[in-house]
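Pasting structure_27.pdb here (PDB, C-alpha atoms and all ligand atoms):
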MODEL        1
ATOM      1  CA  MET A   1      -8.840  -9.472  26.876
ATOM      2  CA  ALA A   2      -9.246  -9.943  23.155
ATOM      3  CA  ALA A   3      -8.022  -7.197  20.855
ATOM      4  CA  GLN A   4     -10.086  -4.611  19.093
ATOM      5  CA  ILE A   5     -10.318  -5.528  15.410
ATOM      6  CA  ILE A   6      -9.234  -2.724  13.098
ATOM      7  CA  ASP A   7     -11.677  -3.009  10.205
ATOM      8  CA  GLY A   8      -9.620  -2.101   7.138
ATOM      9  CA  LYS A   9     -12.468  -2.929   4.801
ATOM     10  CA  ALA A  10     -14.809  -0.422   6.472
ATOM     11  CA  PHE A  11     -12.040   2.182   6.800
ATOM     12  CA  ALA A  12     -11.190   1.783   3.108
ATOM     13  CA  ALA A  13     -14.832   2.461   2.237
ATOM     14  CA  THR A  14     -14.655   5.794   4.094
ATOM     15  CA  VAL A  15     -11.414   6.694   2.282
ATOM     16  CA  ARG A  16     -13.035   5.866  -1.069
ATOM     17  CA  GLU A  17     -16.000   8.062  -0.141
ATOM     18  CA  LYS A  18     -13.647  10.970   0.546
ATOM     19  CA  VAL A  19     -11.911  10.291  -2.769
ATOM     20  CA  ALA A  20     -15.253  10.290  -4.601
ATOM     21  CA  GLY A  21     -16.142  13.618  -2.954
ATOM     22  CA  HIS A  22     -12.884  15.223  -4.128
ATOM     23  CA  VAL A  23     -13.358  13.766  -7.618
ATOM     24  CA  ALA A  24     -16.878  15.190  -7.855
ATOM     25  CA  ARG A  25     -15.579  18.627  -6.830
ATOM     26  CA  LEU A  26     -12.701  18.490  -9.322
ATOM     27  CA  LYS A  27     -15.199  17.758 -12.092
ATOM     28  CA  GLU A  28     -17.687  20.410 -11.045
ATOM     29  CA  GLU A  29     -15.348  23.250 -10.163
ATOM     30  CA  ASN A  30     -12.419  22.583 -12.466
ATOM     31  CA  GLY A  31     -13.762  20.387 -15.252
ATOM     32  CA  ILE A  32     -11.061  17.789 -14.536
ATOM     33  CA  THR A  33     -11.520  14.025 -14.202
ATOM     34  CA  PRO A  34      -8.581  12.250 -12.524
ATOM     35  CA  GLY A  35      -7.281   9.268 -14.495
ATOM     36  CA  LEU A  36      -5.339   6.191 -13.378
ATOM     37  CA  ALA A  37      -3.457   3.952 -15.806
ATOM     38  CA  VAL A  38      -2.547   0.419 -14.744
ATOM     39  CA  VAL A  39      -0.027  -1.562 -16.767
ATOM     40  CA  LEU A  40      -0.031  -5.336 -16.434
ATOM     41  CA  VAL A  41       2.637  -7.441 -18.143
ATOM     42  CA  GLY A  42       1.834 -11.145 -18.379
ATOM     43  CA  GLU A  43      -1.034 -13.201 -17.079
ATOM     44  CA  ASP A  44      -0.349 -13.937 -13.426
ATOM     45  CA  PRO A  45      -3.860 -14.861 -12.162
ATOM     46  CA  ALA A  46      -3.499 -13.060  -8.798
ATOM     47  CA  SER A  47      -2.272  -9.895 -10.536
ATOM     48  CA  GLN A  48      -5.218 -10.024 -12.932
ATOM     49  CA  VAL A  49      -7.611 -10.144  -9.970
ATOM     50  CA  TYR A  50      -5.959  -7.116  -8.320
ATOM     51  CA  VAL A  51      -5.878  -5.121 -11.545
ATOM     52  CA  ARG A  52      -9.558  -5.791 -12.167
ATOM     53  CA  SER A  53     -10.474  -4.726  -8.663
ATOM     54  CA  LYS A  54      -8.359  -1.546  -8.959
ATOM     55  CA  GLY A  55     -10.078  -0.648 -12.234
ATOM     56  CA  LYS A  56     -13.529  -1.240 -10.790
ATOM     57  CA  GLN A  57     -12.910   0.893  -7.700
ATOM     58  CA  THR A  58     -11.332   3.653  -9.793
ATOM     59  CA  VAL A  59     -14.489   3.923 -11.901
ATOM     60  CA  GLU A  60     -16.751   3.709  -8.831
ATOM     61  CA  ALA A  61     -14.941   6.745  -7.395
ATOM     62  CA  GLY A  62     -15.793   8.680 -10.570
ATOM     63  CA  MET A  63     -12.313   8.551 -12.099
ATOM     64  CA  ASN A  64     -11.141   7.325 -15.495
ATOM     65  CA  SER A  65      -9.399   3.945 -15.549
ATOM     66  CA  TYR A  66      -7.011   2.953 -18.322
ATOM     67  CA  GLU A  67      -5.784  -0.633 -18.486
ATOM     68  CA  HIS A  68      -2.813  -1.703 -20.566
ATOM     69  CA  LYS A  69      -2.371  -5.450 -20.802
ATOM     70  CA  LEU A  70       0.855  -6.541 -22.437
ATOM     71  CA  ASP A  71       2.147 -10.002 -23.345
ATOM     72  CA  ALA A  72       4.473 -11.749 -20.908
ATOM     73  CA  ASP A  73       7.304 -11.552 -23.476
ATOM     74  CA  THR A  74       6.974  -7.785 -24.070
ATOM     75  CA  SER A  75      10.400  -6.206 -24.578
ATOM     76  CA  GLU A  76      11.828  -3.594 -22.251
ATOM     77  CA  GLU A  77      11.822  -1.136 -25.133
ATOM     78  CA  ASP A  78       8.110  -1.662 -25.786
ATOM     79  CA  LEU A  79       7.208  -1.339 -22.106
ATOM     80  CA  LEU A  80       9.268   1.850 -21.808
ATOM     81  CA  ALA A  81       7.382   3.206 -24.833
ATOM     82  CA  VAL A  82       4.023   2.534 -23.110
ATOM     83  CA  VAL A  83       5.196   4.275 -19.928
ATOM     84  CA  ASN A  84       6.493   7.200 -21.976
ATOM     85  CA  GLN A  85       3.164   7.541 -23.748
ATOM     86  CA  LEU A  86       1.343   7.589 -20.379
ATOM     87  CA  ASN A  87       3.845  10.126 -18.998
ATOM     88  CA  ASN A  88       2.887  12.453 -21.842
ATOM     89  CA  ASP A  89      -0.875  11.862 -21.685
ATOM     90  CA  PRO A  90      -2.547  14.820 -19.891
ATOM     91  CA  ASN A  91      -5.596  12.673 -19.046
ATOM     92  CA  VAL A  92      -3.438  10.266 -17.046
ATOM     93  CA  HIS A  93      -2.580  11.565 -13.560
ATOM     94  CA  GLY A  94      -1.444   8.281 -12.031
ATOM     95  CA  ILE A  95       0.555   5.383 -13.471
ATOM     96  CA  LEU A  96       0.942   1.980 -11.821
ATOM     97  CA  VAL A  97       3.071  -0.775 -13.344
ATOM     98  CA  GLN A  98       1.956  -3.966 -11.645
ATOM     99  CA  LEU A  99       4.793  -5.824  -9.907
ATOM    100  CA  PRO A 100       6.419  -8.272 -10.046
ATOM    101  CA  LEU A 101       7.421  -7.940 -13.703
ATOM    102  CA  PRO A 102       8.578 -10.969 -15.743
ATOM    103  CA  GLY A 103      12.246 -11.769 -15.109
ATOM    104  CA  HIS A 104      13.650 -10.383 -18.370
ATOM    105  CA  LEU A 105      12.484  -6.845 -17.463
ATOM    106  CA  ASN A 106      14.539  -4.564 -15.211
ATOM    107  CA  GLU A 107      12.041  -3.405 -12.572
ATOM    108  CA  ASP A 108      14.171  -0.513 -11.299
ATOM    109  CA  LEU A 109      14.661   0.796 -14.813
ATOM    110  CA  ILE A 110      10.944   0.632 -15.623
ATOM    111  CA  ILE A 111       9.799   2.192 -12.326
ATOM    112  CA  ASN A 112      12.323   5.009 -12.649
ATOM    113  CA  SER A 113      11.052   5.783 -16.153
ATOM    114  CA  ILE A 114       7.655   6.808 -14.720
ATOM    115  CA  ASP A 115       7.154  10.570 -14.297
ATOM    116  CA  PRO A 116       7.656  10.955 -10.490
ATOM    117  CA  ALA A 117       4.597  13.254 -10.357
ATOM    118  CA  LYS A 118       2.461  10.382 -11.756
ATOM    119  CA  ASP A 119       4.146   7.653  -9.694
ATOM    120  CA  VAL A 120       1.125   6.812  -7.512
ATOM    121  CA  ASP A 121       2.967   3.757  -6.109
ATOM    122  CA  GLY A 122       5.679   6.048  -4.728
ATOM    123  CA  PHE A 123       8.394   3.655  -5.920
ATOM    124  CA  HIS A 124      10.415   6.063  -8.122
ATOM    125  CA  ILE A 125      13.851   6.858  -6.604
ATOM    126  CA  SER A 126      12.937  10.515  -6.559
ATOM    127  CA  ASN A 127       9.827   9.866  -4.411
ATOM    128  CA  VAL A 128      11.832   7.542  -2.156
ATOM    129  CA  GLY A 129      14.376  10.327  -1.620
ATOM    130  CA  LEU A 130      11.706  12.952  -1.008
ATOM    131  CA  LEU A 131       9.990  10.740   1.596
ATOM    132  CA  GLY A 132      13.328   9.992   3.302
ATOM    133  CA  THR A 133      14.083  13.699   3.636
ATOM    134  CA  GLY A 134      10.588  14.663   4.780
ATOM    135  CA  GLN A 135       9.665  16.471   1.580
ATOM    136  CA  LYS A 136       6.380  16.339  -0.266
ATOM    137  CA  SER A 137       6.256  13.100  -2.285
ATOM    138  CA  MET A 138       4.007  10.339  -3.498
ATOM    139  CA  VAL A 139       3.800   7.877  -0.585
ATOM    140  CA  PRO A 140       3.596   4.093  -1.232
ATOM    141  CA  CYS A 141      -0.013   2.917  -0.867
ATOM    142  CA  THR A 142       0.374   0.047   1.599
ATOM    143  CA  PRO A 143       2.432   1.976   4.202
ATOM    144  CA  LEU A 144       0.143   4.998   3.764
ATOM    145  CA  GLY A 145      -2.882   2.818   4.488
ATOM    146  CA  CYS A 146      -1.183   1.371   7.585
ATOM    147  CA  LEU A 147      -0.317   4.870   8.813
ATOM    148  CA  MET A 148      -3.915   6.046   8.345
ATOM    149  CA  MET A 149      -5.205   3.125  10.437
ATOM    150  CA  LEU A 150      -2.598   3.706  13.173
ATOM    151  CA  ARG A 151      -3.360   7.432  13.377
ATOM    152  CA  ASP A 152      -7.072   6.738  13.440
ATOM    153  CA  HIS A 153      -6.653   4.264  16.296
ATOM    154  CA  HIS A 154      -4.108   6.154  18.426
ATOM    155  CA  GLY A 155      -4.399   9.796  17.465
ATOM    156  CA  SER A 156      -0.742  10.726  18.014
ATOM    157  CA  LEU A 157       1.981   8.065  17.561
ATOM    158  CA  SER A 158       4.635  10.301  19.125
ATOM    159  CA  GLY A 159       7.141   8.472  21.326
ATOM    160  CA  MET A 160       5.797   4.989  20.636
ATOM    161  CA  ASP A 161       8.130   2.042  20.024
ATOM    162  CA  ALA A 162       7.460   0.648  16.551
ATOM    163  CA  VAL A 163       8.962  -2.499  15.062
ATOM    164  CA  VAL A 164       8.650  -3.100  11.336
ATOM    165  CA  ILE A 165       9.382  -6.704  10.381
ATOM    166  CA  GLY A 166      10.526  -6.748   6.764
ATOM    167  CA  ARG A 167      12.819  -4.435   4.825
ATOM    168  CA  SER A 168      11.289  -4.314   1.352
ATOM    169  CA  ASN A 169      11.314  -1.140  -0.733
ATOM    170  CA  ILE A 170       7.556  -1.525  -1.183
ATOM    171  CA  VAL A 171       6.503  -1.770   2.474
ATOM    172  CA  GLY A 172       9.161  -2.109   5.202
ATOM    173  CA  LYS A 173      11.449   0.789   4.376
ATOM    174  CA  PRO A 174       8.784   3.410   3.544
ATOM    175  CA  MET A 175       6.713   2.259   6.558
ATOM    176  CA  ALA A 176       9.706   2.937   8.809
ATOM    177  CA  GLN A 177      10.131   6.411   7.284
ATOM    178  CA  LEU A 178       6.472   7.271   7.889
ATOM    179  CA  LEU A 179       6.574   6.053  11.516
ATOM    180  CA  LEU A 180       9.751   8.053  12.085
ATOM    181  CA  GLY A 181       7.984  11.068  10.583
ATOM    182  CA  ASP A 182       5.274  10.607  13.224
ATOM    183  CA  SER A 183       7.974  10.548  15.933
ATOM    184  CA  CYS A 184       7.979   6.821  16.721
ATOM    185  CA  THR A 185      11.185   5.116  17.814
ATOM    186  CA  VAL A 186      11.584   2.752  14.877
ATOM    187  CA  THR A 187      13.322  -0.601  14.552
ATOM    188  CA  ILE A 188      13.496  -2.363  11.200
ATOM    189  CA  ALA A 189      13.799  -6.092  11.831
ATOM    190  CA  HIS A 190      14.191  -8.904   9.306
ATOM    191  CA  SER A 191      14.985 -12.570   8.886
ATOM    192  CA  ARG A 192      18.522 -12.163  10.239
ATOM    193  CA  THR A 193      17.627 -10.024  13.257
ATOM    194  CA  LYS A 194      19.146 -11.480  16.436
ATOM    195  CA  ASP A 195      16.572 -12.357  19.111
ATOM    196  CA  LEU A 196      13.659 -11.335  16.886
ATOM    197  CA  PRO A 197      11.044 -12.413  19.478
ATOM    198  CA  ASP A 198      12.531 -10.073  22.099
ATOM    199  CA  VAL A 199      12.819  -7.206  19.628
ATOM    200  CA  VAL A 200       9.143  -7.606  18.735
ATOM    201  CA  ARG A 201       8.158  -7.881  22.431
ATOM    202  CA  ARG A 202       9.390  -4.312  23.026
ATOM    203  CA  ALA A 203       7.033  -2.839  20.449
ATOM    204  CA  ASP A 204       3.902  -0.769  21.055
ATOM    205  CA  ILE A 205       3.307  -1.032  17.290
ATOM    206  CA  VAL A 206       4.184  -4.128  15.245
ATOM    207  CA  VAL A 207       4.007  -3.967  11.440
ATOM    208  CA  ALA A 208       4.560  -7.420   9.948
ATOM    209  CA  ALA A 209       5.550  -7.340   6.272
ATOM    210  CA  VAL A 210       7.694 -10.361   5.461
ATOM    211  CA  GLY A 211       5.430 -12.535   3.345
ATOM    212  CA  ARG A 212       5.757 -15.649   5.509
ATOM    213  CA  PRO A 213       2.494 -17.227   6.624
ATOM    214  CA  GLU A 214       1.806 -16.832  10.376
ATOM    215  CA  MET A 215       5.471 -16.377  11.299
ATOM    216  CA  VAL A 216       4.740 -14.016  14.214
ATOM    217  CA  PRO A 217       3.160 -15.955  17.079
ATOM    218  CA  GLY A 218       1.033 -14.288  19.746
ATOM    219  CA  ASP A 219       3.653 -14.726  22.457
ATOM    220  CA  TRP A 220       5.954 -12.265  20.622
ATOM    221  CA  ILE A 221       3.313  -9.552  21.025
ATOM    222  CA  LYS A 222       3.468  -7.230  24.016
ATOM    223  CA  GLU A 223       0.206  -7.151  25.943
ATOM    224  CA  GLY A 224      -1.938  -4.340  24.469
ATOM    225  CA  ALA A 225       0.268  -3.644  21.421
ATOM    226  CA  THR A 226      -1.201  -2.643  18.063
ATOM    227  CA  VAL A 227      -0.555  -5.201  15.326
ATOM    228  CA  ILE A 228      -0.714  -4.305  11.621
ATOM    229  CA  ASP A 229      -0.520  -7.428   9.471
ATOM    230  CA  VAL A 230       0.572  -6.633   5.914
ATOM    231  CA  GLY A 231       1.023 -10.256   4.829
ATOM    232  CA  ILE A 232      -1.375 -11.782   2.319
ATOM    233  CA  ASN A 233      -0.379 -15.439   1.994
ATOM    234  CA  ARG A 234      -2.350 -18.099   0.216
ATOM    235  CA  ILE A 235      -2.041 -21.437   2.028
ATOM    236  CA  GLU A 236      -3.779 -24.775   1.991
ATOM    237  CA  ARG A 237      -5.238 -25.981   5.291
ATOM    238  CA  ASP A 238      -7.623 -28.871   5.897
ATOM    239  CA  GLY A 239      -7.825 -29.292   2.119
ATOM    240  CA  LYS A 240      -9.020 -25.699   1.664
ATOM    241  CA  ASN A 241      -7.329 -22.626   0.196
ATOM    242  CA  LYS A 242      -7.022 -19.926   2.826
ATOM    243  CA  LEU A 243      -5.670 -16.378   3.028
ATOM    244  CA  VAL A 244      -3.517 -15.768   6.109
ATOM    245  CA  GLY A 245      -1.283 -12.944   7.269
ATOM    246  CA  ASP A 246       2.298 -12.874   8.549
ATOM    247  CA  VAL A 247       0.884 -12.936  12.091
ATOM    248  CA  ASP A 248      -0.714 -15.940  13.756
ATOM    249  CA  TYR A 249      -4.046 -14.221  14.229
ATOM    250  CA  ALA A 250      -5.632 -16.702  16.649
ATOM    251  CA  SER A 251      -2.890 -16.299  19.266
ATOM    252  CA  ALA A 252      -2.080 -12.624  18.583
ATOM    253  CA  VAL A 253      -5.686 -11.501  19.011
ATOM    254  CA  GLU A 254      -5.483 -12.663  22.646
ATOM    255  CA  ARG A 255      -2.486 -10.424  23.414
ATOM    256  CA  ALA A 256      -2.813  -7.373  21.176
ATOM    257  CA  GLY A 257      -4.782  -4.245  22.059
ATOM    258  CA  ALA A 258      -5.778  -3.899  18.416
ATOM    259  CA  ILE A 259      -5.104  -5.942  15.291
ATOM    260  CA  THR A 260      -5.855  -5.903  11.565
ATOM    261  CA  PRO A 261      -7.381  -9.087  10.103
ATOM    262  CA  VAL A 262      -6.397 -10.827   6.848
ATOM    263  CA  PRO A 263      -8.352 -10.515   4.627
ATOM    264  CA  GLY A 264     -10.164  -7.254   5.347
ATOM    265  CA  GLY A 265      -7.285  -5.287   6.874
ATOM    266  CA  VAL A 266      -4.374  -3.736   5.024
ATOM    267  CA  GLY A 267      -5.330  -5.046   1.542
ATOM    268  CA  PRO A 268      -8.446  -2.924   0.994
ATOM    269  CA  MET A 269      -6.626   0.131   2.410
ATOM    270  CA  THR A 270      -3.859  -0.319  -0.178
ATOM    271  CA  ILE A 271      -6.291   0.074  -3.069
ATOM    272  CA  ALA A 272      -8.129   2.966  -1.364
ATOM    273  CA  CYS A 273      -4.786   4.763  -0.969
ATOM    274  CA  LEU A 274      -3.983   4.171  -4.634
ATOM    275  CA  LEU A 275      -7.169   6.089  -5.489
ATOM    276  CA  ALA A 276      -6.257   8.751  -2.919
ATOM    277  CA  ASN A 277      -2.782   9.156  -4.451
ATOM    278  CA  THR A 278      -4.316   9.533  -7.904
ATOM    279  CA  VAL A 279      -6.473  12.430  -6.680
ATOM    280  CA  THR A 280      -3.441  13.965  -4.944
ATOM    281  CA  ALA A 281      -1.377  13.673  -8.151
ATOM    282  CA  CYS A 282      -4.200  15.224 -10.162
ATOM    283  CA  CYS A 283      -4.527  18.192  -7.782
ATOM    284  CA  ARG A 284      -0.775  18.808  -7.805
ATOM    285  CA  ALA A 285      -0.597  18.544 -11.601
ATOM    286  CA  ASN A 286      -3.237  21.261 -11.856
ATOM    287  CA  GLY A 287      -1.830  23.561  -9.178
ATOM    288  CA  LEU A 288      -4.822  22.944  -6.912
ATOM    289  CA  ALA A 289      -4.877  22.571  -3.125
ATOM    290  CA  GLU A 290      -4.010  19.099  -1.805
ATOM    291  CA  PRO A 291      -7.069  16.987  -0.991
ATOM    292  CA  GLU A 292      -7.603  17.038   2.758
ATOM    293  CA  GLY A 293      -7.357  13.792   4.733
ATOM    294  CA  LEU A 294      -5.861  11.764   1.886
ATOM    295  CA  THR A 295      -2.129  12.500   2.236
ATOM    296  CA  ALA A 296       0.501  11.534   4.806
TER     297      ALA A 296
HETATM  298  N1  LIG A 301       2.887  -1.756  -8.587
HETATM  299  C1  LIG A 301       2.183  -2.473  -7.724
HETATM  300  N2  LIG A 301       1.494  -1.846  -6.750
HETATM  301  C2  LIG A 301       0.754  -2.564  -5.855
HETATM  302  O1  LIG A 301       0.116  -1.973  -4.961
HETATM  303  C3  LIG A 301       0.717  -3.991  -5.987
HETATM  304  C4  LIG A 301       1.468  -4.577  -7.018
HETATM  305  N3  LIG A 301       2.193  -3.793  -7.852
HETATM  306  N4  LIG A 301       1.480  -5.910  -7.172
HETATM  307  C5  LIG A 301       0.661  -6.777  -6.376
HETATM  308  C6  LIG A 301       0.449  -6.203  -5.008
HETATM  309  C7  LIG A 301      -0.661  -6.827  -4.226
HETATM  310  N5  LIG A 301      -1.586  -5.765  -3.935
HETATM  311  C8  LIG A 301      -2.788  -5.965  -3.231
HETATM  312  C9  LIG A 301      -3.736  -4.995  -3.075
HETATM  313  C10 LIG A 301      -4.932  -5.254  -2.428
HETATM  314  C11 LIG A 301      -5.212  -6.494  -1.913
HETATM  315  C12 LIG A 301      -6.505  -6.773  -1.250
HETATM  316  O2  LIG A 301      -7.412  -5.967  -1.265
HETATM  317  N6  LIG A 301      -6.679  -7.967  -0.629
HETATM  318  C13 LIG A 301      -7.907  -8.407   0.017
HETATM  319  C14 LIG A 301      -8.167  -9.862  -0.291
HETATM  320  C15 LIG A 301      -8.187 -10.161  -1.748
HETATM  321  C16 LIG A 301      -8.274 -11.657  -2.004
HETATM  322  O3  LIG A 301      -9.226 -12.291  -1.534
HETATM  323  O4  LIG A 301      -7.366 -12.161  -2.685
HETATM  324  C17 LIG A 301      -7.808  -8.283   1.524
HETATM  325  O5  LIG A 301      -6.675  -8.313   2.039
HETATM  326  O6  LIG A 301      -8.827  -8.195   2.161
HETATM  327  C18 LIG A 301      -4.258  -7.467  -2.047
HETATM  328  C19 LIG A 301      -3.059  -7.201  -2.671
HETATM  329  C20 LIG A 301      -1.154  -4.619  -4.497
HETATM  330  N7  LIG A 301       0.005  -4.805  -5.129
ENDMDL
END
Could you write out this file's structure as structure tokens?
Amino acid sequence: MAAQIIDGKAFAATVREKVAGHVARLKEENGITPGLAVVLVGEDPASQVYVRSKGKQTVEAGMNSYEHKLDADTSEEDLLAVVNQLNNDPNVHGILVQLPLPGHLNEDLIINSIDPAKDVDGFHISNVGLLGTGQKSMVPCTPLGCLMMLRDHHGSLSGMDAVVIGRSNIVGKPMAQLLLGDSCTVTIAHSRTKDLPDVVRRADIVVAAVGRPEMVPGDWIKEGATVIDVGINRIERDGKNKLVGDVDYASAVERAGAITPVPGGVGPMTIACLLANTVTACCRANGLAEPEGLTA
């Protein structure tokens, strides 16, 4: 039987609606408008598209959007000065420095210069440590979006076998922490995992986040498993540009119980969670109750 399609695009719209509701209340009851600052260094065309779409959705949710576009050859010192200015700006509740940065900039250094309370990407070492120890933190947007979809589909994830393919700081590692927090038995697999197909075949939940087009074929998927495809790979097929995931959708959809499509799965949830994190950061900064339904 073919899998149920988990509609990330529709789910993201409901998350954005919740965000807009919280924003309206913050304005009305507290006179506060949450603000998100996005910093883009250089002119990578894909990054420009994402930044534009983030800005548009931020404004649609009723929040303030601040865009800082810097030249590709911006010095580390100048970028640190921009981050510092945003750290000290009371109208800015969330800061996102678009990655990857040009090679001459030290990404770790820049990310760790962001005020952890405004780090809506959840990449600052302090947020990574808080998440790893089960303390209140800012949670990375992509794993948070995946977790929301999994909880929505399954209710409780307790006791399930989850395999995360990919060990990046941005997705794989925080995803594993969140699944562990929901009492899954978690395996982090990667390109050097022995017998990867058999490891994946054990999983009730497969999260694929490696960035390799269609590397997970359907016959690795246990019958009825839930498949979350984080990959967004641009490929050329039959002379056309196409967006495909890390999972071979056509074969996996025949085995999975539920699966996220690409596009229209994890991607839209990532941006919705960025807006959610901005509202969360704003509430915390003002000593207000956490927004319900938007945190991990
Ligand atoms: N500091 C930082 N934080 C990020 O969160 C971050 C980043 N840097 N750098 C770039 C990546 C990429 N990213 C995406 C978000 C949404 C879609 C998305 O909505 N994709 C649509 C398709 C869009 C299309 O057609 O290209 C979808 O999957 O349906 C994609 C990619 C966030 N990123």
List every residue of range 85-107 of chain A that has an atom at most 12 Å from any atom of range 122-137 of chain A, giving for each one its closest atom pair and the distance in Å to one decimal, counting all atoms listed in the file, sorted by chain and then by ascending residue number, as CSV.
residue,atom,partner,partner_atom,distance
A:Gly94,CA,A:Gly122,CA,10.4
A:Ile95,CA,A:Gly122,CA,10.2
A:Leu96,CA,A:Gly122,CA,9.4
A:Val97,CA,A:Phe123,CA,10.2
A:Gln98,CA,A:Phe123,CA,11.5
A:Leu99,CA,A:Phe123,CA,10.9
A:Glu107,CA,A:Phe123,CA,10.4
Protein and nucleic acid residues within 8 Å of ligand LIG 301 (chain A) (all atoms listed in the file) as a PyMOL selection string | chain A and resi 8-9+46-47+49-50+96-100+121+140-142+232+243+262-271+274
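With CA of Val199 in chain A on one side and CA of Val163 in chain A on the other, the separation reads 7.6 Å.
One finds CA of Gly257 in chain A at 7.0 Å from CA of Glu223 in chain A.
Ranking A:Val15, A:Leu105, A:Ala256, A:Leu80 by their shortest atom-to-atom distance to Gly42 in chain A, with all atoms listed in the file included, puts A:Leu105 first.
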Name every residue that the PyMOL selection byres (((chain A and resi 115) around 10) and not hetatm) selects in this structure, writing the answer as a PyMOL selection string with chains first and numbers rising.
-> chain A and resi 83-84+86-88+93-95+111-114+116-120+124+126
Counting all atoms listed in the file, select every polymer residue within 12 Å of (-6.2, 19.0, -2.4) as defined in the file's coordinates, and provide the selection as a ChimeraX atom specification.
-> /A:18-19,21-23,25-26,276-295
Please produce a file of the residues just selected, as a PDB file, in the frame of the given file, where the atoms kept are C-alpha atoms.
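Result saved to again_28.pdb:
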ATOM      1  CA  LYS A  18     -13.647  10.970   0.546  1.00  0.00           C
ATOM      2  CA  VAL A  19     -11.911  10.291  -2.769  1.00  0.00           C
ATOM      3  CA  GLY A  21     -16.142  13.618  -2.954  1.00  0.00           C
ATOM      4  CA  HIS A  22     -12.884  15.223  -4.128  1.00  0.00           C
ATOM      5  CA  VAL A  23     -13.358  13.766  -7.618  1.00  0.00           C
ATOM      6  CA  ARG A  25     -15.579  18.627  -6.830  1.00  0.00           C
ATOM      7  CA  LEU A  26     -12.701  18.490  -9.322  1.00  0.00           C
ATOM      8  CA  ALA A 276      -6.257   8.751  -2.919  1.00  0.00           C
ATOM      9  CA  ASN A 277      -2.782   9.156  -4.451  1.00  0.00           C
ATOM     10  CA  THR A 278      -4.316   9.533  -7.904  1.00  0.00           C
ATOM     11  CA  VAL A 279      -6.473  12.430  -6.680  1.00  0.00           C
ATOM     12  CA  THR A 280      -3.441  13.965  -4.944  1.00  0.00           C
ATOM     13  CA  ALA A 281      -1.377  13.673  -8.151  1.00  0.00           C
ATOM     14  CA  CYS A 282      -4.200  15.224 -10.162  1.00  0.00           C
ATOM     15  CA  CYS A 283      -4.527  18.192  -7.782  1.00  0.00           C
ATOM     16  CA  ARG A 284      -0.775  18.808  -7.805  1.00  0.00           C
ATOM     17  CA  ALA A 285      -0.597  18.544 -11.601  1.00  0.00           C
ATOM     18  CA  ASN A 286      -3.237  21.261 -11.856  1.00  0.00           C
ATOM     19  CA  GLY A 287      -1.830  23.561  -9.178  1.00  0.00           C
ATOM     20  CA  LEU A 288      -4.822  22.944  -6.912  1.00  0.00           C
ATOM     21  CA  ALA A 289      -4.877  22.571  -3.125  1.00  0.00           C
ATOM     22  CA  GLU A 290      -4.010  19.099  -1.805  1.00  0.00           C
ATOM     23  CA  PRO A 291      -7.069  16.987  -0.991  1.00  0.00           C
ATOM     24  CA  GLU A 292      -7.603  17.038   2.758  1.00  0.00           C
ATOM     25  CA  GLY A 293      -7.357  13.792   4.733  1.00  0.00           C
ATOM     26  CA  LEU A 294      -5.861  11.764   1.886  1.00  0.00           C
ATOM     27  CA  THR A 295      -2.129  12.500   2.236  1.00  0.00           C
TER      28      THR A 295
END
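Of the listed residues A:Gly231, A:Gly239, A:Gly166, A:Gly159, the one whose atoms come nearest to Pro261 in chain A is A:Gly231, with distances taken using only C-alpha atoms.
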Pick from A:Arg234, A:Arg202, A:Arg52, A:Arg192: nearest to Ile221 in chain A, with only C-alpha atoms counted?
-> A:Arg202
Please provide the set of residues having any atom within 10 Å of Val59 in chain A, restricted to only C-alpha atoms, with same-chain residues fewer than 6 positions apart removed, written as a list in words.
-> Ala20, Gly35, Leu36, Ser65, Tyr66 and Leu275 of chain A
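Put simply, the PyMOL selection byres (((chain A and resi 62) around 8) and not hetatm) on this file hits Ala20, Val23, Ala24, Thr33, Thr58, Val59, Glu60, Ala61, Met63 and Asn64 of chain A.
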Counting all atoms listed in the file, select every polymer residue within 6 Å of (12.6, -7.3, -17.7) as defined in the file's coordinates, and provide the selection as an NGL selection string.
-> :A and (76 or 102-106)
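In this model, the gap between CA of Val41 in chain A and CA of Thr74 in chain A comes to 7.4 Å.
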The centre and edge lengths of an axis-aligned box containing all atoms of range 205-212 of chain A present in the file, extended by 6 Å on each side, are to be given in Å to one decimal, as JSON.
{"center_x": 5.5, "center_y": -8.3, "center_z": 10.3, "size_x": 16.4, "size_y": 26.6, "size_z": 25.9}
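The closest residue to Cys273 in chain A, picked from A:Ala203, A:Met138, A:Leu196, A:Cys184 and counting all atoms listed in the file, is A:Met138.
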